[in-house]
>>> print(open('structure-v2.pdb').read())   # PDB, C-alpha atoms
MODEL        1
ATOM      1  CA  MET A  30       0.000   0.000   0.000  1.00  0.00           C
ATOM      2  CA  SER A  31       1.384   3.422  -0.965  1.00  0.00           C
ATOM      3  CA  PRO A  32       1.967   5.997   1.795  1.00  0.00           C
ATOM      4  CA  ARG A  33      -0.675   8.259   0.238  1.00  0.00           C
ATOM      5  CA  ARG A  34      -3.262   5.488   0.235  1.00  0.00           C
ATOM      6  CA  SER A  35      -2.323   4.549   3.794  1.00  0.00           C
ATOM      7  CA  VAL A  36      -2.904   8.128   5.001  1.00  0.00           C
ATOM      8  CA  ALA A  37      -6.238   8.326   3.165  1.00  0.00           C
ATOM      9  CA  GLU A  38      -7.356   5.011   4.635  1.00  0.00           C
ATOM     10  CA  ALA A  39      -6.371   6.141   8.131  1.00  0.00           C
ATOM     11  CA  ARG A  40      -8.365   9.346   7.627  1.00  0.00           C
ATOM     12  CA  ARG A  41     -11.438   7.397   6.511  1.00  0.00           C
ATOM     13  CA  THR A  42     -11.164   5.070   9.500  1.00  0.00           C
ATOM     14  CA  ARG A  43     -10.877   8.023  11.867  1.00  0.00           C
ATOM     15  CA  GLU A  44     -13.985   9.550  10.296  1.00  0.00           C
ATOM     16  CA  ARG A  45     -15.904   6.291  10.770  1.00  0.00           C
ATOM     17  CA  ILE A  46     -14.890   6.187  14.416  1.00  0.00           C
ATOM     18  CA  ILE A  47     -15.932   9.792  15.052  1.00  0.00           C
ATOM     19  CA  GLU A  48     -19.264   9.497  13.214  1.00  0.00           C
ATOM     20  CA  HIS A  49     -20.204   6.342  15.091  1.00  0.00           C
ATOM     21  CA  SER A  50     -19.003   7.818  18.371  1.00  0.00           C
ATOM     22  CA  VAL A  51     -21.159  10.936  17.934  1.00  0.00           C
ATOM     23  CA  ALA A  52     -24.277   8.819  17.415  1.00  0.00           C
ATOM     24  CA  LEU A  53     -23.413   6.511  20.317  1.00  0.00           C
ATOM     25  CA  ALA A  54     -22.527   9.331  22.719  1.00  0.00           C
ATOM     26  CA  SER A  55     -25.795  11.078  21.874  1.00  0.00           C
ATOM     27  CA  LEU A  56     -27.648   8.060  23.231  1.00  0.00           C
ATOM     28  CA  GLU A  57     -25.318   6.768  25.944  1.00  0.00           C
ATOM     29  CA  GLY A  58     -23.166   9.754  26.898  1.00  0.00           C
ATOM     30  CA  LEU A  59     -19.518  10.512  26.358  1.00  0.00           C
ATOM     31  CA  GLU A  60     -18.637   8.040  29.100  1.00  0.00           C
ATOM     32  CA  GLY A  61     -20.348   5.373  26.992  1.00  0.00           C
ATOM     33  CA  LEU A  62     -17.525   5.640  24.462  1.00  0.00           C
ATOM     34  CA  THR A  63     -15.581   2.606  25.609  1.00  0.00           C
ATOM     35  CA  ILE A  64     -12.780   1.429  23.382  1.00  0.00           C
ATOM     36  CA  GLY A  65     -14.025  -2.169  23.535  1.00  0.00           C
ATOM     37  CA  ARG A  66     -17.576  -1.226  22.494  1.00  0.00           C
ATOM     38  CA  LEU A  67     -16.416   0.941  19.600  1.00  0.00           C
ATOM     39  CA  ALA A  68     -13.901  -1.624  18.376  1.00  0.00           C
ATOM     40  CA  SER A  69     -16.582  -4.314  18.381  1.00  0.00           C
ATOM     41  CA  ASP A  70     -19.140  -2.097  16.625  1.00  0.00           C
ATOM     42  CA  LEU A  71     -16.703  -1.048  13.906  1.00  0.00           C
ATOM     43  CA  GLY A  72     -14.825  -4.311  13.446  1.00  0.00           C
ATOM     44  CA  LEU A  73     -11.512  -2.861  14.586  1.00  0.00           C
ATOM     45  CA  SER A  74      -8.928  -3.992  17.108  1.00  0.00           C
ATOM     46  CA  LYS A  75      -8.775  -2.059  20.369  1.00  0.00           C
ATOM     47  CA  SER A  76      -5.176  -1.073  19.744  1.00  0.00           C
ATOM     48  CA  GLY A  77      -5.990  -0.051  16.174  1.00  0.00           C
ATOM     49  CA  LEU A  78      -8.877   2.131  17.286  1.00  0.00           C
ATOM     50  CA  LEU A  79      -6.961   3.694  20.145  1.00  0.00           C
ATOM     51  CA  GLY A  80      -4.067   4.423  17.805  1.00  0.00           C
ATOM     52  CA  HIS A  81      -6.173   7.071  16.046  1.00  0.00           C
ATOM     53  CA  PHE A  82      -6.652   9.124  19.218  1.00  0.00           C
ATOM     54  CA  GLY A  83      -4.201   7.979  21.878  1.00  0.00           C
ATOM     55  CA  THR A  84      -6.630   8.198  24.791  1.00  0.00           C
ATOM     56  CA  LYS A  85     -10.350   7.935  25.447  1.00  0.00           C
ATOM     57  CA  GLU A  86     -10.350  11.599  26.492  1.00  0.00           C
ATOM     58  CA  ALA A  87      -8.859  12.640  23.136  1.00  0.00           C
ATOM     59  CA  LEU A  88     -11.646  10.710  21.413  1.00  0.00           C
ATOM     60  CA  GLN A  89     -14.266  12.453  23.575  1.00  0.00           C
ATOM     61  CA  LEU A  90     -12.825  15.846  22.662  1.00  0.00           C
ATOM     62  CA  ALA A  91     -12.851  14.966  18.960  1.00  0.00           C
ATOM     63  CA  VAL A  92     -16.481  13.888  19.271  1.00  0.00           C
ATOM     64  CA  LEU A  93     -17.443  17.161  20.974  1.00  0.00           C
ATOM     65  CA  GLU A  94     -15.744  19.134  18.232  1.00  0.00           C
ATOM     66  CA  ARG A  95     -17.571  17.165  15.537  1.00  0.00           C
ATOM     67  CA  ALA A  96     -20.897  17.623  17.328  1.00  0.00           C
ATOM     68  CA  ALA A  97     -20.264  21.381  17.335  1.00  0.00           C
ATOM     69  CA  VAL A  98     -19.702  21.318  13.565  1.00  0.00           C
ATOM     70  CA  ILE A  99     -23.027  19.508  13.105  1.00  0.00           C
ATOM     71  CA  PHE A 100     -24.852  21.932  15.405  1.00  0.00           C
ATOM     72  CA  ASP A 101     -23.378  24.900  13.552  1.00  0.00           C
ATOM     73  CA  ARG A 102     -24.429  23.426  10.202  1.00  0.00           C
ATOM     74  CA  GLU A 103     -27.966  22.678  11.357  1.00  0.00           C
ATOM     75  CA  VAL A 104     -28.723  25.707  13.538  1.00  0.00           C
ATOM     76  CA  TRP A 105     -26.477  28.676  12.809  1.00  0.00           C
ATOM     77  CA  ARG A 106     -25.599  28.426   9.112  1.00  0.00           C
ATOM     78  CA  PRO A 107     -29.175  28.402   7.766  1.00  0.00           C
ATOM     79  CA  ALA A 108     -29.884  31.599   9.720  1.00  0.00           C
ATOM     80  CA  ALA A 109     -26.499  33.333   9.473  1.00  0.00           C
ATOM     81  CA  ASP A 110     -27.405  35.556   6.529  1.00  0.00           C
ATOM     82  CA  ALA A 111     -30.592  36.914   8.122  1.00  0.00           C
ATOM     83  CA  GLU A 112     -30.695  40.565   9.173  1.00  0.00           C
ATOM     84  CA  PRO A 113     -28.744  40.973  12.440  1.00  0.00           C
ATOM     85  CA  GLY A 114     -30.907  41.644  15.478  1.00  0.00           C
ATOM     86  CA  VAL A 115     -34.346  40.210  16.201  1.00  0.00           C
ATOM     87  CA  THR A 116     -34.760  38.878  12.657  1.00  0.00           C
ATOM     88  CA  ARG A 117     -31.669  36.687  12.951  1.00  0.00           C
ATOM     89  CA  LEU A 118     -32.440  35.689  16.534  1.00  0.00           C
ATOM     90  CA  ARG A 119     -35.884  34.485  15.461  1.00  0.00           C
ATOM     91  CA  ALA A 120     -34.370  32.672  12.480  1.00  0.00           C
ATOM     92  CA  VAL A 121     -31.844  30.948  14.755  1.00  0.00           C
ATOM     93  CA  CYS A 122     -34.611  29.908  17.136  1.00  0.00           C
ATOM     94  CA  ALA A 123     -36.598  28.479  14.209  1.00  0.00           C
ATOM     95  CA  THR A 124     -33.666  26.344  13.042  1.00  0.00           C
ATOM     96  CA  TRP A 125     -32.856  25.408  16.647  1.00  0.00           C
ATOM     97  CA  ILE A 126     -36.388  24.138  17.206  1.00  0.00           C
ATOM     98  CA  SER A 127     -36.300  22.302  13.879  1.00  0.00           C
ATOM     99  CA  TYR A 128     -32.998  20.660  14.844  1.00  0.00           C
ATOM    100  CA  LEU A 129     -34.655  19.218  17.949  1.00  0.00           C
ATOM    101  CA  GLU A 130     -37.886  18.266  16.163  1.00  0.00           C
ATOM    102  CA  ARG A 131     -35.995  16.390  13.447  1.00  0.00           C
ATOM    103  CA  GLY A 132     -33.803  14.489  15.899  1.00  0.00           C
ATOM    104  CA  VAL A 133     -30.513  15.405  14.217  1.00  0.00           C
ATOM    105  CA  PHE A 134     -28.774  13.536  17.041  1.00  0.00           C
ATOM    106  CA  PRO A 135     -30.499  10.243  17.950  1.00  0.00           C
ATOM    107  CA  GLY A 136     -30.574  11.061  21.657  1.00  0.00           C
ATOM    108  CA  GLY A 137     -31.692  14.670  21.366  1.00  0.00           C
ATOM    109  CA  CYS A 138     -29.467  17.714  21.757  1.00  0.00           C
ATOM    110  CA  PHE A 139     -25.926  16.438  22.098  1.00  0.00           C
ATOM    111  CA  PHE A 140     -24.829  19.408  24.176  1.00  0.00           C
ATOM    112  CA  VAL A 141     -27.679  19.268  26.662  1.00  0.00           C
ATOM    113  CA  SER A 142     -26.822  15.621  27.328  1.00  0.00           C
ATOM    114  CA  ALA A 143     -23.093  16.288  27.565  1.00  0.00           C
ATOM    115  CA  THR A 144     -23.637  19.197  29.939  1.00  0.00           C
ATOM    116  CA  PHE A 145     -25.736  17.109  32.320  1.00  0.00           C
ATOM    117  CA  GLU A 146     -22.980  14.506  32.227  1.00  0.00           C
ATOM    118  CA  TYR A 147     -20.034  16.843  32.814  1.00  0.00           C
ATOM    119  CA  ASP A 148     -21.248  20.056  34.465  1.00  0.00           C
ATOM    120  CA  GLY A 149     -20.145  18.868  37.909  1.00  0.00           C
ATOM    121  CA  ARG A 150     -16.757  17.571  36.801  1.00  0.00           C
ATOM    122  CA  GLY A 151     -13.423  19.110  36.003  1.00  0.00           C
ATOM    123  CA  GLY A 152     -11.022  18.417  33.178  1.00  0.00           C
ATOM    124  CA  PRO A 153     -10.559  19.067  29.456  1.00  0.00           C
ATOM    125  CA  VAL A 154     -13.970  17.748  28.360  1.00  0.00           C
ATOM    126  CA  ARG A 155     -15.836  20.098  30.693  1.00  0.00           C
ATOM    127  CA  ASP A 156     -13.500  22.941  29.695  1.00  0.00           C
ATOM    128  CA  LEU A 157     -14.294  22.429  26.012  1.00  0.00           C
ATOM    129  CA  LEU A 158     -18.030  22.322  26.743  1.00  0.00           C
ATOM    130  CA  ARG A 159     -17.755  25.616  28.617  1.00  0.00           C
ATOM    131  CA  ARG A 160     -15.946  27.216  25.676  1.00  0.00           C
ATOM    132  CA  GLN A 161     -18.515  25.898  23.207  1.00  0.00           C
ATOM    133  CA  PHE A 162     -21.465  27.111  25.265  1.00  0.00           C
ATOM    134  CA  GLY A 163     -19.702  30.411  25.893  1.00  0.00           C
ATOM    135  CA  ALA A 164     -19.182  30.981  22.173  1.00  0.00           C
ATOM    136  CA  TRP A 165     -22.847  30.198  21.465  1.00  0.00           C
ATOM    137  CA  ARG A 166     -24.087  32.492  24.211  1.00  0.00           C
ATOM    138  CA  SER A 167     -21.834  35.298  22.969  1.00  0.00           C
ATOM    139  CA  ARG A 168     -23.158  34.898  19.442  1.00  0.00           C
ATOM    140  CA  LEU A 169     -26.759  35.177  20.628  1.00  0.00           C
ATOM    141  CA  ALA A 170     -25.999  38.064  22.981  1.00  0.00           C
ATOM    142  CA  ALA A 171     -24.394  40.030  20.140  1.00  0.00           C
ATOM    143  CA  ASP A 172     -27.662  39.923  18.193  1.00  0.00           C
ATOM    144  CA  VAL A 173     -29.629  40.915  21.297  1.00  0.00           C
ATOM    145  CA  ARG A 174     -27.410  44.008  21.619  1.00  0.00           C
ATOM    146  CA  VAL A 175     -27.982  44.844  17.961  1.00  0.00           C
ATOM    147  CA  ALA A 176     -31.734  44.450  18.446  1.00  0.00           C
ATOM    148  CA  ALA A 177     -31.729  46.748  21.479  1.00  0.00           C
ATOM    149  CA  GLY A 178     -29.608  49.314  19.662  1.00  0.00           C
ATOM    150  CA  ARG A 179     -32.014  49.351  16.720  1.00  0.00           C
ATOM    151  CA  GLY A 180     -35.102  49.696  18.872  1.00  0.00           C
ATOM    152  CA  GLU A 181     -36.365  46.171  18.142  1.00  0.00           C
ATOM    153  CA  LEU A 182     -36.088  45.407  21.865  1.00  0.00           C
ATOM    154  CA  PRO A 183     -36.202  47.873  24.774  1.00  0.00           C
ATOM    155  CA  SER A 184     -32.991  49.872  25.095  1.00  0.00           C
ATOM    156  CA  ASP A 185     -32.426  48.568  28.647  1.00  0.00           C
ATOM    157  CA  THR A 186     -32.682  44.897  27.586  1.00  0.00           C
ATOM    158  CA  ASP A 187     -30.189  42.668  29.406  1.00  0.00           C
ATOM    159  CA  PRO A 188     -28.612  40.457  26.704  1.00  0.00           C
ATOM    160  CA  GLU A 189     -27.522  37.808  29.200  1.00  0.00           C
ATOM    161  CA  GLN A 190     -31.074  37.514  30.526  1.00  0.00           C
ATOM    162  CA  VAL A 191     -32.516  37.054  27.036  1.00  0.00           C
ATOM    163  CA  VAL A 192     -29.906  34.410  26.212  1.00  0.00           C
ATOM    164  CA  PHE A 193     -30.592  32.671  29.531  1.00  0.00           C
ATOM    165  CA  GLU A 194     -34.303  32.488  28.700  1.00  0.00           C
ATOM    166  CA  LEU A 195     -33.744  31.330  25.122  1.00  0.00           C
ATOM    167  CA  ASN A 196     -31.502  28.515  26.324  1.00  0.00           C
ATOM    168  CA  GLY A 197     -34.115  27.611  28.935  1.00  0.00           C
ATOM    169  CA  ILE A 198     -36.851  27.384  26.288  1.00  0.00           C
ATOM    170  CA  LEU A 199     -34.815  25.157  24.012  1.00  0.00           C
ATOM    171  CA  MET A 200     -33.492  22.947  26.809  1.00  0.00           C
ATOM    172  CA  SER A 201     -37.057  22.484  28.017  1.00  0.00           C
ATOM    173  CA  LEU A 202     -38.111  21.567  24.487  1.00  0.00           C
ATOM    174  CA  ASN A 203     -35.352  18.962  24.272  1.00  0.00           C
ATOM    175  CA  HIS A 204     -36.373  17.492  27.637  1.00  0.00           C
ATOM    176  CA  THR A 205     -40.071  17.355  26.710  1.00  0.00           C
ATOM    177  CA  ILE A 206     -39.439  15.710  23.352  1.00  0.00           C
ATOM    178  CA  GLN A 207     -36.976  13.164  24.721  1.00  0.00           C
ATOM    179  CA  LEU A 208     -38.732  12.227  27.956  1.00  0.00           C
ATOM    180  CA  TYR A 209     -42.373  12.497  26.922  1.00  0.00           C
ATOM    181  CA  GLY A 210     -42.341  12.316  23.134  1.00  0.00           C
ATOM    182  CA  ASP A 211     -44.629  15.357  23.231  1.00  0.00           C
ATOM    183  CA  THR A 212     -45.441  16.330  19.638  1.00  0.00           C
ATOM    184  CA  GLY A 213     -46.956  19.629  20.778  1.00  0.00           C
ATOM    185  CA  ALA A 214     -43.833  20.815  22.581  1.00  0.00           C
ATOM    186  CA  ALA A 215     -42.337  22.567  19.549  1.00  0.00           C
ATOM    187  CA  ALA A 216     -45.433  24.741  19.155  1.00  0.00           C
ATOM    188  CA  ARG A 217     -45.142  25.777  22.797  1.00  0.00           C
ATOM    189  CA  ALA A 218     -41.477  26.612  22.284  1.00  0.00           C
ATOM    190  CA  ARG A 219     -42.373  28.789  19.289  1.00  0.00           C
ATOM    191  CA  ARG A 220     -44.974  30.663  21.337  1.00  0.00           C
ATOM    192  CA  ALA A 221     -42.429  31.225  24.102  1.00  0.00           C
ATOM    193  CA  VAL A 222     -39.937  32.610  21.566  1.00  0.00           C
ATOM    194  CA  ASP A 223     -42.624  34.885  20.119  1.00  0.00           C
ATOM    195  CA  ARG A 224     -43.277  36.355  23.570  1.00  0.00           C
ATOM    196  CA  LEU A 225     -39.581  36.927  24.193  1.00  0.00           C
ATOM    197  CA  LEU A 226     -38.663  38.147  20.698  1.00  0.00           C
ATOM    198  CA  PRO A 227     -41.569  39.932  19.037  1.00  0.00           C
ATOM    199  CA  SER A 228     -41.278  40.381  15.285  1.00  0.00           C
ATOM    200  CA  PRO A 229     -39.527  43.645  14.417  1.00  0.00           C
ATOM    201  CA  PRO A 230     -41.865  46.358  13.144  1.00  0.00           C
ATOM    202  CA  SER A 231     -42.085  46.714   9.396  1.00  0.00           C
ATOM    203  CA  ALA A 232     -40.156  49.600   7.960  1.00  0.00           C
ATOM    204  CA  PRO A 233     -42.437  52.572   7.269  1.00  0.00           C
ATOM    205  CA  VAL A 234     -43.383  53.040   3.637  1.00  0.00           C
ATOM    206  CA  ALA A 235     -42.296  56.430   2.322  1.00  0.00           C
ATOM    207  CA  PRO A 236     -45.185  58.411   0.830  1.00  0.00           C
ATOM    208  CA  ARG A 237     -45.110  58.747  -2.922  1.00  0.00           C
ATOM    209  CA  ARG A 238     -44.816  62.126  -4.495  1.00  0.00           C
ATOM    210  CA  PRO A 239     -47.716  63.269  -6.679  1.00  0.00           C
ATOM    211  CA  GLY A 240     -47.192  62.089 -10.207  1.00  0.00           C
ATOM    212  CA  GLU A 241     -45.209  58.946  -9.287  1.00  0.00           C
ATOM    213  CA  ARG A 242     -46.653  55.644 -10.494  1.00  0.00           C
ATOM    214  CA  GLY A 243     -49.127  54.379  -7.938  1.00  0.00           C
ATOM    215  CA  ALA A 244     -49.412  57.725  -6.142  1.00  0.00           C
ATOM    216  CA  SER A 245     -52.811  59.067  -5.237  1.00  0.00           C
ATOM    217  CA  PRO A 246     -53.927  61.985  -7.369  1.00  0.00           C
ATOM    218  CA  LYS A 247     -53.231  65.382  -5.846  1.00  0.00           C
ATOM    219  CA  PRO A 248     -56.384  66.709  -4.234  1.00  0.00           C
ATOM    220  CA  ALA A 249     -57.967  69.583  -6.066  1.00  0.00           C
TER     221      ALA A 249
ENDMDL
END
>>> encode(input="structure-v2.pdb", output="structure tokens")
Amino acid sequence: MSPRRSVAEARRTRERIIEHSVALASLEGLEGLTIGRLASDLGLSKSGLLGHFGTKEALQLAVLERAAVIFDREVWRPAADAEPGVTRLRAVCATWISYLERGVFPGGCFFVSATFEYDGRGGPVRDLLRRQFGAWRSRLAADVRVAAGRGELPSDTDPEQVVFELNGILMSLNHTIQLYGDTGAAARARRAVDRLLPSPPSAPVAPRRPGERGASPKPA
């Protein structure tokens, strides 16, 4: 086997391991990523599988990073080009709700599950989760500030409070879907978002000058 083919094959094997690990961790947690279980599932030797990452913790970190890429693709990217402020916040919430409704991860929101698993621990996995959540909160808060500056939300709006409530709505939606299988939960989440983020007012239509197409005739 040529060195180039060997590198490509190793890359494909690593991708298989990460993809399977993301799905498994979504259902059974990051601690469920045992080398023996993964090797058996994928038809690999334990030493061969471990050779791609070195340690179980390195595998867990790689899985978290891949989950973040998937979340970004499903939630942020479809809404990224919307008008900054309330319009983009509402678009993000719509894709966020859709992501949970569609079950992008088999066990529900990957990050909600991982946070429950690691929020009371220390170490690199928890540290990465904190950075990922921090980046997401900062992204949302930036749009809240834009919305307040443009008059779409009250000028004294606390961005951190709005982000706190948005996360609470979506975490509650995840919980209700996963634990109860409640098909009406998404509609409740949308109503909660509507109360928190009212649609921005339409831009006023400038009056037409007399004589322009569509203008009302000048009164006599």
>>> resolve_selection(input="structure-v2.pdb", expression="the PyMOL selection byres ((chain A and resi 211-224) around 9)", output="mmCIF file with C-alpha atoms, keeping the file's coordinate frame")
data_model
loop_
_atom_site.group_PDB
_atom_site.id
_atom_site.type_symbol
_atom_site.label_atom_id
_atom_site.label_comp_id
_atom_site.auth_asym_id
_atom_site.auth_seq_id
_atom_site.Cartn_x
_atom_site.Cartn_y
_atom_site.Cartn_z
ATOM 1 C CA ARG A 119 -35.884 34.485 15.461
ATOM 2 C CA CYS A 122 -34.611 29.908 17.136
ATOM 3 C CA ALA A 123 -36.598 28.479 14.209
ATOM 4 C CA ILE A 126 -36.388 24.138 17.206
ATOM 5 C CA SER A 127 -36.300 22.302 13.879
ATOM 6 C CA LEU A 129 -34.655 19.218 17.949
ATOM 7 C CA GLU A 130 -37.886 18.266 16.163
ATOM 8 C CA LEU A 195 -33.744 31.330 25.122
ATOM 9 C CA ILE A 198 -36.851 27.384 26.288
ATOM 10 C CA LEU A 199 -34.815 25.157 24.012
ATOM 11 C CA SER A 201 -37.057 22.484 28.017
ATOM 12 C CA LEU A 202 -38.111 21.567 24.487
ATOM 13 C CA ASN A 203 -35.352 18.962 24.272
ATOM 14 C CA THR A 205 -40.071 17.355 26.710
ATOM 15 C CA ILE A 206 -39.439 15.710 23.352
ATOM 16 C CA GLN A 207 -36.976 13.164 24.721
ATOM 17 C CA LEU A 208 -38.732 12.227 27.956
ATOM 18 C CA TYR A 209 -42.373 12.497 26.922
ATOM 19 C CA GLY A 210 -42.341 12.316 23.134
ATOM 20 C CA LEU A 225 -39.581 36.927 24.193
ATOM 21 C CA LEU A 226 -38.663 38.147 20.698
ATOM 22 C CA PRO A 227 -41.569 39.932 19.037
ATOM 23 C CA SER A 228 -41.278 40.381 15.285
#
>>> residues_near_point(input="structure-v2.pdb", point="(-27.8, 39.0, 24.2)", cutoff="6 Å", atoms="only C-alpha atoms", output="PDB file with C-alpha atoms, in the frame of the given file")
ATOM      1  CA  LEU A 169     -26.759  35.177  20.628  1.00  0.00           C
ATOM      2  CA  ALA A 170     -25.999  38.064  22.981  1.00  0.00           C
ATOM      3  CA  ALA A 171     -24.394  40.030  20.140  1.00  0.00           C
ATOM      4  CA  VAL A 173     -29.629  40.915  21.297  1.00  0.00           C
ATOM      5  CA  ARG A 174     -27.410  44.008  21.619  1.00  0.00           C
ATOM      6  CA  PRO A 188     -28.612  40.457  26.704  1.00  0.00           C
ATOM      7  CA  GLU A 189     -27.522  37.808  29.200  1.00  0.00           C
ATOM      8  CA  VAL A 191     -32.516  37.054  27.036  1.00  0.00           C
ATOM      9  CA  VAL A 192     -29.906  34.410  26.212  1.00  0.00           C
TER      10      VAL A 192
END
>>> closest_residue(input="structure-v2.pdb", among="A:Leu78, A:Ala143, A:Val98, A:Ala109", to="Gly61 of chain A", atoms="all atoms listed in the file")
A:Ala143
>>> closest_residue(input="structure-v2.pdb", among="A:Ser142, A:Arg131, A:Gly114, A:Arg95", to="Gly178 of chain A", atoms="all atoms listed in the file")
A:Gly114
>>> closest_residue(input="structure-v2.pdb", among="A:Tyr128, A:Leu53, A:Val121, A:Val133", to="Leu71 of chain A", atoms="all atoms listed in the file")
A:Leu53
>>> atom_distance(input="structure-v2.pdb", atom1="atom CA of Arg106 of chain A", atom2="atom CA of Gly137 of chain A")
19.4 Å
>>> atom_distance(input="structure-v2.pdb", atom1="atom CA of Ser55 of chain A", atom2="atom CA of Arg150 of chain A")
18.6 Å
>>> atom_distance(input="structure-v2.pdb", atom1="atom CA of Arg43 of chain A", atom2="atom CA of His81 of chain A")
6.4 Å
>>> closest_residue(input="structure-v2.pdb", among="A:Asp187, A:Glu44, A:Glu181, A:Asp101", to="Trp125 of chain A", atoms="only C-alpha atoms")
A:Asp101
>>> closest_residue(input="structure-v2.pdb", among="A:Phe82, A:Phe162, A:Tyr147, A:Phe134", to="Arg40 of chain A", atoms="only C-alpha atoms")
A:Phe82
>>> closest_residue(input="structure-v2.pdb", among="A:Val104, A:Leu73, A:Leu93, A:Ala111", to="Gly58 of chain A", atoms="only C-alpha atoms")
A:Leu93
>>> resolve_selection(input="structure-v2.pdb", expression="the PyMOL selection byres ((chain A and resi 154) around 10)", output="list in words")
Leu59, Glu86, Ala87, Gln89, Leu90, Ala91, Leu93, Ala143, Thr144, Tyr147, Asp148, Arg150, Gly151, Gly152, Pro153, Arg155, Asp156, Leu157, Leu158 and Arg159 of chain A
>>> residues_around(input="structure-v2.pdb", residues="Gly65 of chain A", least_positions_apart="4", cutoff="9 Å", atoms="all atoms listed in the file", output="list in words")
Ser69, Asp70, Ser74 and Lys75 of chain A
>>> residues_around(input="structure-v2.pdb", residues="Asp110 of chain A", least_positions_apart="5", cutoff="10 Å", atoms="all atoms listed in the file", output="PyMOL selection string")
chain A and resi 105+117+120
>>> write_last_selection(input="structure-v2.pdb", atoms="C-alpha atoms", output="PDB file, keeping the file's coordinate frame")
ATOM      1  CA  TRP A 105     -26.477  28.676  12.809  1.00  0.00           C
ATOM      2  CA  ARG A 117     -31.669  36.687  12.951  1.00  0.00           C
ATOM      3  CA  ALA A 120     -34.370  32.672  12.480  1.00  0.00           C
TER       4      ALA A 120
END
>>> decode(input="structure-v2.pdb", residues="segment 125-166 of chain A", atoms="C-alpha atoms", output="PDB file, in the first residue's frame")
ATOM      1  CA  TRP A 125     -32.856  25.408  16.647  1.00  0.00           C
ATOM      2  CA  ILE A 126     -36.388  24.138  17.206  1.00  0.00           C
ATOM      3  CA  SER A 127     -36.300  22.302  13.879  1.00  0.00           C
ATOM      4  CA  TYR A 128     -32.998  20.660  14.844  1.00  0.00           C
ATOM      5  CA  LEU A 129     -34.655  19.218  17.949  1.00  0.00           C
ATOM      6  CA  GLU A 130     -37.886  18.266  16.163  1.00  0.00           C
ATOM      7  CA  ARG A 131     -35.995  16.390  13.447  1.00  0.00           C
ATOM      8  CA  GLY A 132     -33.803  14.489  15.899  1.00  0.00           C
ATOM      9  CA  VAL A 133     -30.513  15.405  14.217  1.00  0.00           C
ATOM     10  CA  PHE A 134     -28.774  13.536  17.041  1.00  0.00           C
ATOM     11  CA  PRO A 135     -30.499  10.243  17.950  1.00  0.00           C
ATOM     12  CA  GLY A 136     -30.574  11.061  21.657  1.00  0.00           C
ATOM     13  CA  GLY A 137     -31.692  14.670  21.366  1.00  0.00           C
ATOM     14  CA  CYS A 138     -29.467  17.714  21.757  1.00  0.00           C
ATOM     15  CA  PHE A 139     -25.926  16.438  22.098  1.00  0.00           C
ATOM     16  CA  PHE A 140     -24.829  19.408  24.176  1.00  0.00           C
ATOM     17  CA  VAL A 141     -27.679  19.268  26.662  1.00  0.00           C
ATOM     18  CA  SER A 142     -26.822  15.621  27.328  1.00  0.00           C
ATOM     19  CA  ALA A 143     -23.093  16.288  27.565  1.00  0.00           C
ATOM     20  CA  THR A 144     -23.637  19.197  29.939  1.00  0.00           C
ATOM     21  CA  PHE A 145     -25.736  17.109  32.320  1.00  0.00           C
ATOM     22  CA  GLU A 146     -22.980  14.506  32.227  1.00  0.00           C
ATOM     23  CA  TYR A 147     -20.034  16.843  32.814  1.00  0.00           C
ATOM     24  CA  ASP A 148     -21.248  20.056  34.465  1.00  0.00           C
ATOM     25  CA  GLY A 149     -20.145  18.868  37.909  1.00  0.00           C
ATOM     26  CA  ARG A 150     -16.757  17.571  36.801  1.00  0.00           C
ATOM     27  CA  GLY A 151     -13.423  19.110  36.003  1.00  0.00           C
ATOM     28  CA  GLY A 152     -11.022  18.417  33.178  1.00  0.00           C
ATOM     29  CA  PRO A 153     -10.559  19.067  29.456  1.00  0.00           C
ATOM     30  CA  VAL A 154     -13.970  17.748  28.360  1.00  0.00           C
ATOM     31  CA  ARG A 155     -15.836  20.098  30.693  1.00  0.00           C
ATOM     32  CA  ASP A 156     -13.500  22.941  29.695  1.00  0.00           C
ATOM     33  CA  LEU A 157     -14.294  22.429  26.012  1.00  0.00           C
ATOM     34  CA  LEU A 158     -18.030  22.322  26.743  1.00  0.00           C
ATOM     35  CA  ARG A 159     -17.755  25.616  28.617  1.00  0.00           C
ATOM     36  CA  ARG A 160     -15.946  27.216  25.676  1.00  0.00           C
ATOM     37  CA  GLN A 161     -18.515  25.898  23.207  1.00  0.00           C
ATOM     38  CA  PHE A 162     -21.465  27.111  25.265  1.00  0.00           C
ATOM     39  CA  GLY A 163     -19.702  30.411  25.893  1.00  0.00           C
ATOM     40  CA  ALA A 164     -19.182  30.981  22.173  1.00  0.00           C
ATOM     41  CA  TRP A 165     -22.847  30.198  21.465  1.00  0.00           C
ATOM     42  CA  ARG A 166     -24.087  32.492  24.211  1.00  0.00           C
TER      43      ARG A 166
END
